[in-house]
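*Asks:* I'm passing along upload-v5.txt; it holds compact mmCIF, C-alpha atoms and all ligand atoms.
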# COMPACT_ATOMS: atom_id res chain seq x y z
CA MET A 274 3.78 -26.90 10.51
CA ALA A 275 0.03 -26.34 10.06
CA LEU A 276 -1.95 -23.60 8.31
CA ILE A 277 -5.17 -22.81 10.15
CA VAL A 278 -7.66 -20.61 8.31
CA LEU A 279 -9.83 -18.39 10.52
CA ALA A 280 -12.77 -16.83 8.69
CA ALA A 281 -16.43 -15.90 8.58
CA ASP A 282 -18.85 -16.04 5.71
CA LYS A 283 -20.26 -12.54 6.09
CA GLY A 284 -20.56 -9.87 8.76
CA ALA A 285 -17.87 -9.03 11.26
CA PRO A 286 -18.34 -11.58 14.05
CA GLY A 287 -14.88 -10.95 15.52
CA VAL A 288 -12.42 -12.99 13.42
CA THR A 289 -9.50 -10.57 13.88
CA THR A 290 -10.11 -10.34 17.61
CA ALA A 291 -10.31 -14.13 17.85
CA ALA A 292 -7.17 -14.55 15.73
CA THR A 293 -5.25 -12.20 18.05
CA ALA A 294 -6.54 -13.92 21.18
CA LEU A 295 -5.72 -17.38 19.79
CA GLY A 296 -2.26 -16.20 18.73
CA ALA A 297 -1.63 -14.92 22.24
CA VAL A 298 -2.33 -18.28 23.85
CA TRP A 299 -1.44 -20.74 21.07
CA PRO A 300 0.38 -23.70 22.66
CA ARG A 301 2.96 -24.08 19.88
CA PRO A 302 5.19 -21.66 17.95
CA VAL A 303 2.87 -19.57 15.82
CA LEU A 304 2.70 -16.83 13.19
CA LEU A 305 -0.41 -14.67 12.96
CA ALA A 306 -0.95 -13.83 9.27
CA GLU A 307 -3.46 -11.21 8.16
CA CYS A 308 -4.74 -12.65 4.91
CA ASP A 309 -8.02 -10.73 4.73
CA PRO A 310 -8.48 -9.55 1.12
CA ALA A 311 -10.42 -6.58 2.52
CA GLY A 312 -7.27 -5.38 4.31
CA GLY A 313 -5.66 -5.85 7.71
CA ASP A 314 -6.35 -4.14 11.03
CA LEU A 315 -3.49 -5.11 13.32
CA ALA A 316 -1.12 -2.32 12.30
CA TYR A 317 -3.78 0.17 13.40
CA ARG A 318 -4.83 -1.68 16.55
CA LEU A 319 -1.74 -2.93 18.28
CA PRO A 320 1.75 -1.67 19.04
CA ALA A 321 4.91 -3.41 17.97
CA GLU A 322 7.13 -5.18 20.48
CA ASP A 323 9.23 -2.02 21.00
CA GLY A 324 6.11 0.04 21.78
CA GLY A 325 6.19 1.82 18.41
CA VAL A 326 3.77 1.30 15.56
CA LEU A 327 3.88 -1.72 13.29
CA ASN A 328 5.10 -0.91 9.80
CA PRO A 329 2.12 -1.55 7.50
CA ALA A 330 4.45 -1.65 4.48
CA ARG A 331 6.27 -4.70 5.86
CA GLY A 332 3.98 -7.69 5.52
CA LEU A 333 1.72 -9.08 2.84
CA LEU A 334 2.33 -6.04 0.65
CA SER A 335 6.13 -6.34 0.66
CA LEU A 336 5.85 -10.12 0.32
CA GLY A 337 3.53 -9.73 -2.69
CA ALA A 338 6.07 -7.43 -4.35
CA VAL A 339 8.86 -10.04 -4.22
CA ALA A 340 6.66 -13.14 -4.59
CA ARG A 341 6.08 -12.47 -8.29
CA ARG A 342 9.42 -14.18 -8.89
CA GLY A 343 8.28 -17.24 -6.91
CA LEU A 344 7.48 -17.67 -3.24
CA HIS A 345 9.26 -19.90 -0.76
CA ALA A 346 8.46 -20.53 2.89
CA GLU A 347 11.93 -19.26 3.92
CA GLN A 348 11.05 -15.78 2.58
CA ILE A 349 8.07 -15.31 4.89
CA HIS A 350 10.04 -14.28 7.97
CA GLU A 351 11.75 -11.46 6.06
CA HIS A 352 8.31 -9.80 6.04
CA THR A 353 7.07 -10.47 9.57
CA GLN A 354 7.19 -8.23 12.65
CA LYS A 355 6.65 -8.74 16.35
CA LEU A 356 3.60 -7.51 18.21
CA VAL A 357 3.81 -6.34 21.80
CA GLY A 358 4.16 -9.53 23.82
CA GLY A 359 6.33 -11.17 21.16
CA LEU A 360 3.75 -12.64 18.80
CA ASP A 361 5.07 -12.87 15.21
CA VAL A 362 2.74 -11.23 12.72
CA LEU A 363 2.52 -10.88 8.95
CA THR A 364 0.54 -7.65 8.59
CA GLY A 365 -2.15 -7.54 5.93
CA LEU A 366 -2.94 -5.25 3.03
CA THR A 367 -3.54 -1.66 4.03
CA HIS A 368 -6.75 -1.47 2.01
CA GLY A 369 -8.92 -3.83 0.02
CA GLU A 370 -8.16 -2.28 -3.39
CA GLN A 371 -4.64 -3.73 -3.22
CA ALA A 372 -6.14 -7.23 -3.36
CA GLY A 373 -7.27 -6.59 -6.95
CA GLY A 374 -3.67 -6.82 -8.19
CA LEU A 375 -2.82 -9.76 -5.97
CA THR A 376 -5.43 -12.38 -6.89
CA TRP A 377 -2.59 -14.65 -8.08
CA LEU A 378 -0.90 -14.48 -4.63
CA TRP A 379 -3.35 -16.46 -2.49
CA GLY A 380 -2.58 -19.96 -3.79
CA PRO A 381 1.25 -19.65 -3.57
CA LEU A 382 0.93 -17.83 -0.22
CA GLY A 383 -1.22 -20.64 1.21
CA ARG A 384 1.30 -23.24 0.06
CA SER A 385 4.22 -21.32 1.58
CA LEU A 386 2.50 -20.70 4.91
CA ALA A 387 1.47 -24.36 5.12
CA ALA A 388 5.11 -25.32 4.52
CA LEU A 389 6.55 -23.02 7.20
CA PRO A 390 8.84 -25.41 9.09
CA HIS A 391 8.87 -24.12 12.67
CA ALA A 392 5.51 -22.49 13.33
CA ASP A 393 1.81 -23.00 12.89
CA VAL A 394 0.12 -20.19 10.99
CA LEU A 395 -3.14 -18.66 12.16
CA ALA A 396 -4.43 -16.94 9.01
CA ASP A 397 -7.12 -14.30 9.50
CA CYS A 398 -8.92 -14.56 6.16
CA GLY A 399 -11.78 -12.22 7.05
CA ARG A 400 -15.01 -12.85 5.13
CA LEU A 401 -14.91 -15.61 2.55
CA GLY A 402 -18.19 -14.52 0.95
CA GLY A 403 -17.48 -12.45 -2.15
CA HIS A 404 -13.85 -13.55 -2.39
CA PRO A 405 -13.76 -16.70 -4.53
CA GLU A 406 -10.03 -16.13 -5.13
CA MET A 407 -9.47 -17.20 -1.50
CA GLY A 408 -10.48 -20.76 -2.45
CA ASP A 409 -6.89 -21.58 -3.48
CA PHE A 410 -5.62 -20.36 -0.11
CA VAL A 411 -8.26 -22.16 1.95
CA ALA A 412 -7.51 -25.39 0.07
CA GLU A 413 -4.02 -25.41 1.63
CA ALA A 414 -5.29 -25.30 5.22
CA ALA A 415 -4.90 -28.20 7.62
CA GLN A 416 -7.95 -26.80 9.44
CA VAL A 417 -10.63 -24.23 8.64
CA VAL A 418 -12.32 -22.47 11.55
CA LEU A 419 -15.54 -20.56 10.85
CA PHE A 420 -16.69 -17.89 13.29
CA THR A 421 -20.28 -16.86 13.79
CA ARG A 422 -22.44 -14.91 16.17
CA PRO A 423 -25.49 -16.87 17.33
CA SER A 424 -27.94 -14.59 15.48
CA LEU A 425 -30.20 -15.90 12.72
CA ASP A 426 -28.52 -13.95 9.90
CA HIS A 427 -25.00 -14.99 10.89
CA VAL A 428 -25.96 -18.65 11.24
CA ALA A 429 -27.82 -18.62 7.91
CA HIS A 430 -24.64 -17.42 6.18
CA LEU A 431 -22.58 -19.94 8.11
CA ARG A 432 -24.77 -22.74 6.72
CA GLU A 433 -24.27 -21.46 3.16
CA ARG A 434 -20.51 -21.50 3.69
CA LEU A 435 -20.54 -25.01 5.20
CA ALA A 436 -22.31 -26.25 2.08
CA LEU A 437 -19.43 -24.91 -0.05
CA LEU A 438 -16.46 -26.07 2.05
CA ASP A 439 -14.61 -29.36 1.78
CA GLY A 440 -13.18 -31.10 4.82
CA ARG A 441 -14.44 -30.91 8.39
CA PRO A 442 -14.38 -27.28 9.54
CA VAL A 443 -14.58 -26.20 13.16
CA VAL A 444 -17.41 -23.79 14.01
CA VAL A 445 -16.87 -21.22 16.75
CA VAL A 446 -19.80 -19.31 18.22
CA ILE A 447 -18.92 -15.91 19.69
CA ALA A 448 -21.46 -16.04 22.45
CA ASP A 449 -22.65 -13.94 25.37
CA PRO A 450 -21.44 -15.58 28.60
CA ARG A 451 -24.98 -15.30 30.02
CA SER A 452 -26.32 -17.70 27.37
CA TYR A 453 -23.03 -19.34 26.41
CA ARG A 454 -23.91 -23.01 26.47
CA ALA A 455 -27.41 -22.53 25.07
CA SER A 456 -26.05 -20.49 22.12
CA ILE A 457 -23.40 -23.09 21.29
CA GLU A 458 -25.96 -25.87 21.59
CA GLU A 459 -28.39 -24.04 19.29
CA VAL A 460 -25.74 -23.57 16.59
CA ARG A 461 -24.63 -27.19 17.05
CA ARG A 462 -28.21 -28.29 16.37
CA ILE A 463 -28.48 -26.09 13.27
CA VAL A 464 -25.21 -27.31 11.73
CA ALA A 465 -25.85 -30.97 12.61
CA PRO A 466 -26.50 -31.94 8.95
CA TRP A 467 -22.91 -30.95 8.07
CA ASP A 468 -19.80 -32.90 8.96
CA VAL A 469 -17.99 -30.47 11.25
CA ALA A 470 -15.05 -31.37 13.49
CA PHE A 471 -16.67 -29.67 16.50
CA VAL A 472 -18.71 -26.64 17.52
CA ALA A 473 -17.10 -24.57 20.28
CA GLY A 474 -17.51 -21.17 21.88
CA LEU A 475 -15.53 -17.99 22.40
CA ALA A 476 -16.79 -15.44 24.89
CA TYR A 477 -18.47 -12.28 23.68
CA ASP A 478 -16.50 -10.05 26.02
CA PRO A 479 -16.41 -6.34 25.05
CA LYS A 480 -13.90 -5.49 27.79
CA GLY A 481 -11.56 -8.28 26.76
CA ALA A 482 -11.93 -7.26 23.10
CA GLU A 483 -11.06 -3.67 24.01
CA LEU A 484 -7.98 -4.80 25.90
CA LEU A 485 -7.00 -6.77 22.83
CA ARG A 486 -7.36 -3.63 20.70
CA GLY A 487 -4.40 -2.04 22.35
CA GLN A 488 -5.13 -1.21 25.95
CA TRP A 489 -2.99 -4.02 27.23
CA GLY A 490 -2.87 -4.76 30.90
CA GLY A 491 -2.67 -7.49 33.48
CA ARG A 492 -6.41 -8.03 33.39
CA LEU A 493 -6.29 -9.30 29.82
CA ASP A 494 -4.90 -12.61 30.95
CA ARG A 495 -7.89 -13.16 33.22
CA SER A 496 -10.52 -11.91 30.76
CA LEU A 497 -13.21 -14.31 29.66
CA LEU A 498 -12.10 -13.79 26.07
CA ILE A 499 -8.58 -15.03 26.78
CA ARG A 500 -9.77 -17.83 29.05
CA THR A 501 -12.15 -19.19 26.40
CA ALA A 502 -9.50 -18.60 23.69
CA ARG A 503 -7.08 -20.74 25.67
CA GLU A 504 -9.57 -23.60 25.82
CA LEU A 505 -10.31 -23.25 22.08
CA ALA A 506 -6.61 -23.10 21.18
CA GLY A 507 -6.03 -26.35 23.07
CA ARG A 508 -8.86 -28.09 21.21
CA LEU A 509 -7.69 -26.79 17.82
CA ALA A 510 -4.06 -27.72 18.40
CA ALA A 511 -5.17 -31.21 19.43
CA LEU A 512 -6.77 -31.65 15.99
CA LEU A 513 -3.43 -31.03 14.29
CA SER A 514 -0.64 -33.55 13.91
CA PRO A 515 0.38 -34.91 17.32
CA ARG A 516 3.97 -35.18 16.07
CA GLU A 517 4.46 -31.41 16.08
CA PRO A 518 6.49 -30.09 19.01
CA ALA A 519 4.78 -28.22 21.81
CA GLY A 520 6.38 -25.57 23.90
CA ARG A 521 6.01 -21.88 23.09
CA PRO A 522 4.99 -20.16 26.31
CA ASP A 523 1.66 -18.43 26.70
CA ARG A 524 2.03 -14.84 25.44
CA SER A 525 -1.11 -13.34 26.94
CA GLY A 526 0.09 -12.61 30.42
CA ALA A 527 3.24 -11.26 31.94
CA ALA A 528 4.88 -9.89 28.82
CA ARG A 529 1.80 -7.93 27.82
CA GLY A 530 0.97 -6.77 31.28
CA GLY A 531 4.59 -5.80 31.65
CA ALA A 532 4.29 -3.52 28.64
CA GLY A 533 2.32 -1.28 30.95
CA ARG A 534 -0.39 -0.48 28.47
N1 LIG A 601 -15.30 -11.75 21.39
C1 LIG A 601 -15.71 -10.48 21.31
N2 LIG A 601 -16.37 -9.91 22.33
C2 LIG A 601 -16.79 -8.62 22.25
N3 LIG A 601 -16.59 -7.82 21.20
C3 LIG A 601 -15.91 -8.34 20.15
C4 LIG A 601 -15.44 -9.69 20.15
N4 LIG A 601 -14.81 -9.91 18.99
C5 LIG A 601 -14.90 -8.75 18.30
N5 LIG A 601 -15.53 -7.82 19.00
C6 LIG A 601 -15.78 -6.43 18.56
O1 LIG A 601 -16.48 -6.49 17.31
C7 LIG A 601 -15.90 -5.56 16.39
C8 LIG A 601 -15.39 -6.31 15.17
O2 LIG A 601 -14.36 -7.14 15.61
P1 LIG A 601 -13.26 -7.74 14.60
O3 LIG A 601 -12.56 -6.63 13.90
O4 LIG A 601 -12.47 -8.71 15.36
O5 LIG A 601 -14.23 -8.49 13.59
P2 LIG A 601 -13.93 -9.12 12.17
O6 LIG A 601 -14.82 -10.31 12.05
O7 LIG A 601 -12.47 -9.33 12.01
O8 LIG A 601 -14.42 -7.96 11.19
P3 LIG A 601 -13.95 -7.63 9.68
O9 LIG A 601 -14.56 -8.68 8.79
O10 LIG A 601 -14.51 -6.24 9.44
O11 LIG A 601 -12.44 -7.66 9.65
C9 LIG A 601 -14.82 -4.81 17.15
O12 LIG A 601 -15.37 -3.61 17.66
C10 LIG A 601 -14.44 -5.74 18.29
O13 LIG A 601 -13.96 -5.06 19.43
MG MG A 602 -11.12 -8.73 10.61
Show this structure as structure tokens.
*Replies:*
Amino acid sequence: MALIVLAADKGAPGVTTAATALGAVWPRPVLLAECDPAGGDLAYRLPAEDGGVLNPARGLLSLGAVARRGLHAEQIHEHTQKLVGGLDVLTGLTHGEQAGGLTWLWGPLGRSLAALPHADVLADCGRLGGHPEMGDFVAEAAQVVLFTRPSLDHVAHLRERLALLDGRPVVVVIADPRSYRASIEEVRRIVAPWDVAFVAGLAYDPKGAELLRGQWGGRLDRSLLIRTARELAGRLAALLSPREPAGRPDRSGAARGGAGR
């Protein structure tokens, strides 16, 4: 179905947190893929579906080892795992040094993920600044989503990235609920010279982010982070081809609360 690249230019605005939240509420079948050349975090943050730890060796690393002989979309699921709550995940590299030997992987990986027949792919690409090799991957995306905090330094880097990107990216401001609309409006004004699809918000919600780092519970479903993620997921999915089937149930609530964590 569609490859959606989630990234920042610089800093750590909360791309991985946003990717996890969006994956939890995505309205269609979805695979969360950790494609951050600096390394993944999910294996260290979240339990697997059975309550154990995710296997960091099964994911991008194992896929990279076999992909040298050619990479096909059908191979991807041999390297995925399930997070608590049932979300399919392709775990990332365990540390950034591994990316040095895998610069050739990003283009073929992007093509394979974009060709995955039964699921959208939310690809957490981390920081694009300093990783020109990610250009081949980003070029395969149906939609690029850039995350920023509303601070001057973050927005300055966002503008630099917008000047380099093709297409019409979505900009997401991770904003304090107390100044939510004003922050989004300010960033919207600053990026007005660029052709972006839309500027939206995601709540800056430390409690929700903590819950999403492993302390799962019933409250997660009602957190501001998940509520704003649900709204954002709906807007993003609406940008993609309307012919794609809808129907995977929301994974943020009962299953995760039921895990008792
Ligand atoms: N929406 C949010 N509200 C509150 N805190 C957040 C939010 N998103 C992320 N955080 C916090 O900010 C820190 C960085 O988050 P995260 O790992 O998601 O960022 P990142 O952009 O993926 O960083 P990196 O580029 O290092 O991978 C974490 O401590 C996380 O809990
Ligand atoms: Mg990250």
*Asks:* Smallest atom-to-atom distance to Glu370 (chain A): which of A:Ala311, A:Ile447, A:Ile349, A:Ala330, using all atoms listed in the file?
*Replies:* A:Ala311
*Asks:* Using all atoms listed in the file, which residue out of A:Ile277, A:Ala396, A:Asp282, A:Glu347 lies closest to Glu433 (chain A)?
*Replies:*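 Under the stated criterion, the closest residue is A:Asp282.
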*Asks:* I'd like the neighbourhood of region 464-469 of chain A as number ranges by chain, where a residue qualifies if any of its atoms comes within 9 Å (using only C-alpha atoms), though same-chain residues fewer than 5 positions away should be ignored.
*Replies:* A: 428, 431-432, 435-436, 440-444, 459
*Asks:* Could you save the residues just selected, with C-alpha atoms, as an mmCIF file, in the frame of the given file?
*Replies:*
data_model
loop_
_atom_site.group_PDB
_atom_site.id
_atom_site.type_symbol
_atom_site.label_atom_id
_atom_site.label_comp_id
_atom_site.auth_asym_id
_atom_site.auth_seq_id
_atom_site.Cartn_x
_atom_site.Cartn_y
_atom_site.Cartn_z
ATOM 1 C CA VAL A 428 -25.960 -18.650 11.240
ATOM 2 C CA LEU A 431 -22.580 -19.940 8.110
ATOM 3 C CA ARG A 432 -24.770 -22.740 6.720
ATOM 4 C CA LEU A 435 -20.540 -25.010 5.200
ATOM 5 C CA ALA A 436 -22.310 -26.250 2.080
ATOM 6 C CA GLY A 440 -13.180 -31.100 4.820
ATOM 7 C CA ARG A 441 -14.440 -30.910 8.390
ATOM 8 C CA PRO A 442 -14.380 -27.280 9.540
ATOM 9 C CA VAL A 443 -14.580 -26.200 13.160
ATOM 10 C CA VAL A 444 -17.410 -23.790 14.010
ATOM 11 C CA GLU A 459 -28.390 -24.040 19.290
#
*Asks:* Counting all atoms listed in the file, what are the residues, protein, DNA or RNA alike, that approach ligand LIG 601 (chain A) to within 6 Å? I want them as an NGL selection string.
*Replies:* :A and (285-290 or 399-400 or 447 or 476-479 or 482-483)
*Asks:* Have a look at A:Gly402, A:Gly359, A:Gly325, A:Pro310 and name the one nearest to Leu378 (chain A); count all atoms listed in the file.
*Replies:*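 Residue with the minimum atom-to-atom distance to Leu378 (chain A): A:Pro310.
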*Asks:* A:Pro329, A:Gly380, A:Gly365, A:Gly324: which is nearest ligand MG 602 (chain A), counting all atoms listed in the file?
*Replies:*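 Closest to ligand MG 602 (chain A), using all atoms listed in the file: A:Gly365.
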*Asks:* For ligand MG 602 (chain A), which residue out of A:Phe420, A:Tyr453, A:Trp299, A:Trp379 is the nearest one, using all atoms listed in the file?
*Replies:* A:Phe420
*Asks:* When you count only C-alpha atoms and all ligand atoms, which of these residues is closest to ligand MG 602 (chain A): A:Ala306, A:Leu327, A:Leu425, A:Ile499?
*Replies:* A:Ala306
*Asks:* State, in Å with one decimal place, the distance from CA of Val362 (chain A) to CA of Arg503 (chain A).
*Replies:*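 Spanning CA of Val362 (chain A) to CA of Arg503 (chain A) is a straight-line distance of 18.8 Å.
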*Asks:* Using all atoms listed in the file, can you list as a PyMOL selection string the residues within 9 Å of (10.6, -5.0, 8.7)?
*Replies:* chain A and resi 327-328+330-332+351-354
*Asks:* How would the residues just picked look written out with C-alpha atoms as a PDB file, keeping the file's coordinate frame?
*Replies:*
ATOM      1  CA  LEU A 327       3.880  -1.720  13.290  1.00  0.00           C
ATOM      2  CA  ASN A 328       5.100  -0.910   9.800  1.00  0.00           C
ATOM      3  CA  ALA A 330       4.450  -1.650   4.480  1.00  0.00           C
ATOM      4  CA  ARG A 331       6.270  -4.700   5.860  1.00  0.00           C
ATOM      5  CA  GLY A 332       3.980  -7.690   5.520  1.00  0.00           C
ATOM      6  CA  GLU A 351      11.750 -11.460   6.060  1.00  0.00           C
ATOM      7  CA  HIS A 352       8.310  -9.800   6.040  1.00  0.00           C
ATOM      8  CA  THR A 353       7.070 -10.470   9.570  1.00  0.00           C
ATOM      9  CA  GLN A 354       7.190  -8.230  12.650  1.00  0.00           C
TER      10      GLN A 354
END
*Asks:* Identify the residues around (-7.2, -12.9, -1.7) within a radius of 7 Å, measuring from only C-alpha atoms in the coordinates stated by the file, and give them as a list in words.
*Replies:*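 Within 7 Å of (-7.2, -12.9, -1.7), the protein and nucleic acid residues are Asp309, Pro310, Ala372, Leu375, Thr376, Trp379, His404, Glu406 and Met407 of chain A.
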*Asks:* Excluding region 317-319 of chain A and any residue of its chain fewer than 3 positions from it, enumerate the residues within 9 Å of it, using all atoms listed in the file, and give them as JSON, numbers by chain.
*Replies:* {"A": [313, 314, 326, 327, 329, 356, 357, 485, 486, 487, 488]}
*Asks:* Pull C-alpha atoms for region 421-462 of chain A from the block and write them as a tab-separated table (two decimals), in the first residue's frame.
*Replies:*
chain	number	residue	atom	x	y	z
A	421	THR	CA	9.15	19.77	14.69
A	422	ARG	CA	8.89	21.38	18.07
A	423	PRO	CA	7.68	24.99	17.88
A	424	SER	CA	11.04	26.42	19.04
A	425	LEU	CA	13.10	28.72	16.83
A	426	ASP	CA	15.98	26.27	16.30
A	427	HIS	CA	13.70	23.37	15.37
A	428	VAL	CA	11.67	25.48	12.95
A	429	ALA	CA	14.82	26.93	11.35
A	430	HIS	CA	16.03	23.39	10.59
A	431	LEU	CA	12.57	22.42	9.37
A	432	ARG	CA	12.71	25.26	6.82
A	433	GLU	CA	16.11	24.08	5.58
A	434	ARG	CA	14.68	20.59	5.09
A	435	LEU	CA	11.58	21.87	3.29
A	436	ALA	CA	13.83	23.66	0.82
A	437	LEU	CA	15.51	20.34	-0.02
A	438	LEU	CA	12.44	18.08	-0.27
A	439	ASP	CA	10.37	17.37	-3.35
A	440	GLY	CA	6.62	16.85	-3.16
A	441	ARG	CA	4.22	18.28	-0.61
A	442	PRO	CA	5.27	17.17	2.87
A	443	VAL	CA	3.05	17.32	5.92
A	444	VAL	CA	4.43	19.30	8.87
A	445	VAL	CA	3.52	18.20	12.40
A	446	VAL	CA	4.17	20.49	15.36
A	447	ILE	CA	4.63	18.70	18.69
A	448	ALA	CA	3.02	21.37	20.76
A	449	ASP	CA	2.17	22.08	24.39
A	450	PRO	CA	-1.62	21.75	24.81
A	451	ARG	CA	-1.68	25.12	26.61
A	452	SER	CA	-0.53	26.92	23.44
A	453	TYR	CA	-1.52	24.26	20.92
A	454	ARG	CA	-3.36	26.27	18.30
A	455	ALA	CA	-1.07	29.29	18.55
A	456	SER	CA	2.04	27.10	18.08
A	457	ILE	CA	0.59	25.36	15.03
A	458	GLU	CA	-0.52	28.70	13.59
A	459	GLU	CA	2.94	30.20	14.12
A	460	VAL	CA	4.66	27.31	12.32
A	461	ARG	CA	2.02	27.47	9.57
A	462	ARG	CA	2.89	31.13	9.05
